[in-house]
Structure formats: C-alpha cells, structure tokens
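Colleague: The structure's right below; bear with me while I get my questions together.
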Amino acid sequence: MDLWDLMVSIFWFMLLVAWFWLLISIISDLFRDDELSGVAKAAWCIFVILIPWLGVLTYLLVRGRSMGERAAREAARNEKAFRSYVRDAASTGGVADELGRLTTMRDSGQITPEEYELAKQRVLGIAPTGTATDSTPTNSAGTLPTNLPA
C-alpha cells in the first residue's frame with residue numbers, strides 16, 4: 001500500500017465519521033423539537049434511515065434553519081443553567097463568611113469575646129478548651145445567646 005492509497009483511505013474514513021456525526025445530529029434534532037408531532041418524527045427517522053442520502057439532504061434543506069435555531073436555544077439554556085449553578089455554588093457561605101459574621105457581631109457588641117471564641121471554635125471544628133460545663137456559650141444572664149450562627 002503506497003502513500004496515496006493510505007491518504008484515500010483516511011479521507012473515506014473521515015467522510016464516514018462526518019456522515020455518522022450528521023446522522024446523529026439530525027436524529028437528536030428531531031427529538032429535541034417540541035413542535036413536531038410523534039408521527040412526523042417517526043416519518044423523518046424512517047426517511048433518514050431507509051433513504052439516507054436523500055433523507056439527510058431533504059432534512060437539511062427543509063429544516064436546516066430551524067435546526068440551527070434549536071441548537072442555539074439549547075446552548076443558551078445550558079449556559080444559563082451552568083451560570084445559575086456556579087452562582088449558587090459560589091454564594092454558599094463558607095467558614096470565612098461565618099468567621100466574618102462572628103467578628104462583626106463581636107465588634108458590634110452583640111456577643112461577648114468569650115462567646116466569639118467558643119463560636120469560632122465550633123465553626124472551625126475545634127473542640128472547645130475547658131470543662132464540659134463551660135463549653136456551652138452563655139450570655140451575662142446565664143442563657144444561651146440566640147444570635148450565634150448554627
């Protein structure tokens with residue numbers, strides 16, 4: 001086999017890959033379309049599968065423009081869902097946010113420095129130092145403060 005035969009074989013193989021890609025794109029577009037009835041989807045599938053060259057050419061001529069519009073809508077919907085997911089994942093409060101809120105509460109006088117230290121240890125996952133009786137933060141009245149983060 002000389003170089004020319006190898007190049008021709010590669011060319012035909014790439015055309016075969018492109019052909020299958022086109023068929024899969026058309027069939028996925030058929031099932032993505034909400035406006036087309038089930039009978040019409042079945043008819044297009046049969047037409048594309050039984051008479052492939054004519055079926056694909058006809059499909060691209062008849063529905064090519066709307067195929068691109070549906071693909072663009074799907075891409076925009078996926079992009080919107082991705083951005084929403086990233087926004088939700090990034091906005092969840094982490095340890096730094098909790099510590100920042102605790103510092104703000106301590107600086108404004110809502111909690112005492114001792115309550116701050118105990119809550120900070122709880123946020124960081126560190127066991128409080130001292131006995132079990134003084135590990136529960138209480139305010140000056142001897143009750144649990146209600147403004148500490150959970």
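Chain identifiers are assigned as A, B, and so on, following the order in which chains appear in the structure tokens; residues are numbered from 1 within each chain, and ligands are numbered from 1 in order of appearance.
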Please identify which residues in stretch 74-125 of chain A DSSP calls alpha helix (DSSP H) from the backbone, and express them as a ChimeraX atom specification.
Modeller: /A:74-91,95-107,113-124
Colleague: Could you check which of A:Lys41, A:Arg77, A:Arg32, A:Lys120 is closest to A:Asp97, using only C-alpha atoms?
Modeller: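 For A:Asp97, the nearest of the given residues is A:Lys120.
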Colleague: Find the residues around A:Leu22 up to 12 Å (only C-alpha atoms counted), leave out those fewer than 4 positions away in its own chain, and share them as an MDAnalysis selection string.
Modeller: chainID A and resid 15:18 26:29 48 52:53 55:57 59:60 64 67
Colleague: Given only C-alpha atoms as the basis, pick out the residue of A:Ile10, A:Ile24, A:Leu102, A:Ala75 nearest to A:Arg122.
Modeller: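 Among the listed residues, the smallest separation from A:Arg122 belongs to A:Leu102.
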Colleague: Using only C-alpha atoms, pick whichever of A:Ser66, A:Tyr116, A:Phe11, A:Ala72 has the shortest atom-to-atom distance to A:Arg101.
Modeller: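 Going through A:Ser66, A:Tyr116, A:Phe11, A:Ala72 one by one, the smallest distance to A:Arg101 is for A:Tyr116.
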